[in-house]
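Here's the structure we're looking at; comments come further down.
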Amino acid sequence: MRVAVLASGSGTILDAMCDAGVPVAVVVVDRPCGAIEVAKRHGIACEMVERTSFGDDFDRHAYSRTMVTVLEAAGTDLVVMAGFGTILATPVFDAFGGCILNTHPALLPSFKGWHAVDAALAAGVKVTGCTVHVATEAVDDGPILAQQAVEVLDGDTVESLHERIKVVERQLYVQSVLDVVARGRV
């Protein structure tokens, strides 16, 4: 199974996947970021499908069509979003529907969206966590594959809670991806 990892950040999830033996064939980033160096260090091809606009003029469908071209050229079987900051549109889900995984820093269906950790703290919950799910066009709404709870501690900040969630997330996501690869299907 050929895995494509989509990333926008430091590449810690990518690094954990490579260290665990996930067969990453290509890394695709949407901006200059640390994941590029992680891919290079692991000897993995890296493509940039740069997002040049973050305003109302961003053409999500055209961007997604370009993403499909890159993923198909790499012979991708499974798409793994690892802190990817661009929401993808219909063309990606038409091409890879049911074969795109995502991780989210909350126990879905609670606290969907980019600011999940902030929302959990604002809601005053005592437990949050992370979720691995099949990505769909509806953001943070696909079938759940795995979840793990993380206690919210007195005095937690967004940063401290998010760091504890990331530790759990790296382990849970890597194991979930390895399970999918071993089965040969999501």
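Ordered as shown in the structure tokens, chains take letters A, B, and onward, while each chain numbers its residues from 1 and ligands are numbered from 1 in the order shown.
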
Mind the document's chain letters and residue numbers, and return as a PyMOL selection string the residues of range 42-88 of chain A that DSSP labels strand (DSSP E or B). chain A and resi 45-48+78-82

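Excluding range 138-155 of chain A itself and any same-chain residue fewer than 3 positions from it, the protein and nucleic acid residues within 6 Å of it, counting only C-alpha atoms, are Lys112, Lys126, Val127, Thr128, Gly129, Cys130, Thr131, Val132, His133, Val134 and Ala135 of chain A.
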
Would you give me, as a ChimeraX atom specification, the residues in range 91-168 of chain A that DSSP reads as helix (DSSP H, G or I)? /A:91-96,116-123,158-168

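Using only C-alpha atoms, the shortest contact distance between Gln171 in chain A and any of A:Ile13, A:Ala35, A:Leu78, A:Val5 is found at A:Ile13.
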
Polymer residues at most 8 Å from range 57-73 of chain A, only C-alpha atoms, same-chain spacing of 3 or more positions, as a list of chain:residue names: A:Ala4, A:Glu47, A:Val49, A:Arg51, A:Thr52, A:Ser53, A:Phe54, A:Thr76, A:Ile87, A:Leu88, A:Ala89, A:Thr90, A:Pro91, A:Val92, A:Ala95

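A straight line drawn from CA of Pro32 in chain A to CA of Met17 in chain A is 20.1 Å long.
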
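Closest to Ser176 in chain A among A:Leu107, A:Ala123, A:Val79, A:Leu101 is A:Leu101, based on only C-alpha atoms.
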
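Straight-line separation from CA of Gly184 in chain A to CA of Pro105 in chain A: 25.9 Å.
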
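The smallest atom-to-atom distance between Gly83 in chain A and any of A:Ala122, A:Ala45, A:Leu6, A:Cys33, using only C-alpha atoms, is found for A:Leu6.
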
Using only C-alpha atoms, which residues sit within 12 Å of Glu37 in chain A once same-chain residues fewer than 6 positions away are excluded, as a PDB file with N, CA and C atoms, in the first residue's frame?
ATOM      1  N   ALA A   7       0.916  17.319   4.848  1.00  0.00           N
ATOM      2  CA  ALA A   7       1.357  18.024   6.059  1.00  0.00           C
ATOM      3  C   ALA A   7       1.505  19.519   5.799  1.00  0.00           C
ATOM      4  N   SER A   8       1.391  20.278   6.878  1.00  0.00           N
ATOM      5  CA  SER A   8       1.576  21.727   6.814  1.00  0.00           C
ATOM      6  C   SER A   8       2.470  22.248   7.916  1.00  0.00           C
ATOM      7  N   GLY A   9       2.857  21.385   8.840  1.00  0.00           N
ATOM      8  CA  GLY A   9       3.550  21.860  10.033  1.00  0.00           C
ATOM      9  C   GLY A   9       4.919  21.268  10.240  1.00  0.00           C
ATOM     10  N   SER A  10       5.225  20.987  11.493  1.00  0.00           N
ATOM     11  CA  SER A  10       6.567  20.580  11.887  1.00  0.00           C
ATOM     12  C   SER A  10       6.946  19.183  11.423  1.00  0.00           C
ATOM     13  N   GLY A  11       5.962  18.333  11.162  1.00  0.00           N
ATOM     14  CA  GLY A  11       6.252  16.989  10.676  1.00  0.00           C
ATOM     15  C   GLY A  11       6.432  15.955  11.767  1.00  0.00           C
ATOM     16  N   THR A  12       5.975  16.229  12.994  1.00  0.00           N
ATOM     17  CA  THR A  12       6.169  15.253  14.071  1.00  0.00           C
ATOM     18  C   THR A  12       5.368  13.977  13.843  1.00  0.00           C
ATOM     19  N   LEU A  14       4.495  12.792  10.844  1.00  0.00           N
ATOM     20  CA  LEU A  14       5.213  12.155   9.737  1.00  0.00           C
ATOM     21  C   LEU A  14       6.445  11.417  10.272  1.00  0.00           C
ATOM     22  N   ASP A  15       7.197  12.057  11.124  1.00  0.00           N
ATOM     23  CA  ASP A  15       8.397  11.453  11.696  1.00  0.00           C
ATOM     24  C   ASP A  15       8.050  10.177  12.461  1.00  0.00           C
ATOM     25  N   VAL A  27       5.345  12.721   0.449  1.00  0.00           N
ATOM     26  CA  VAL A  27       4.822  13.728   1.362  1.00  0.00           C
ATOM     27  C   VAL A  27       4.411  14.910   0.496  1.00  0.00           C
ATOM     28  N   VAL A  29       3.039  18.870   0.813  1.00  0.00           N
ATOM     29  CA  VAL A  29       2.842  20.011   1.705  1.00  0.00           C
ATOM     30  C   VAL A  29       2.154  21.133   0.940  1.00  0.00           C
ATOM     31  N   GLY A  43      14.400  10.212   3.442  1.00  0.00           N
ATOM     32  CA  GLY A  43      14.582   9.811   2.052  1.00  0.00           C
ATOM     33  C   GLY A  43      13.283   9.642   1.288  1.00  0.00           C
ATOM     34  N   ILE A  44      12.276  10.428   1.642  1.00  0.00           N
ATOM     35  CA  ILE A  44      10.956  10.338   1.013  1.00  0.00           C
ATOM     36  C   ILE A  44      10.760  11.521   0.071  1.00  0.00           C
ATOM     37  N   ALA A  45      10.215  11.225  -1.108  1.00  0.00           N
ATOM     38  CA  ALA A  45       9.905  12.292  -2.061  1.00  0.00           C
ATOM     39  C   ALA A  45       8.924  13.272  -1.428  1.00  0.00           C
ATOM     40  N   CYS A  46       9.119  14.544  -1.705  1.00  0.00           N
ATOM     41  CA  CYS A  46       8.240  15.583  -1.164  1.00  0.00           C
ATOM     42  C   CYS A  46       7.827  16.521  -2.289  1.00  0.00           C
ATOM     43  N   GLU A  47       6.540  16.754  -2.382  1.00  0.00           N
ATOM     44  CA  GLU A  47       5.976  17.669  -3.381  1.00  0.00           C
ATOM     45  C   GLU A  47       5.303  18.830  -2.656  1.00  0.00           C
TER      46      GLU A  47
END

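Between CA of Ala106 in chain A and CA of Ala25 in chain A lies a distance of 28.3 Å.
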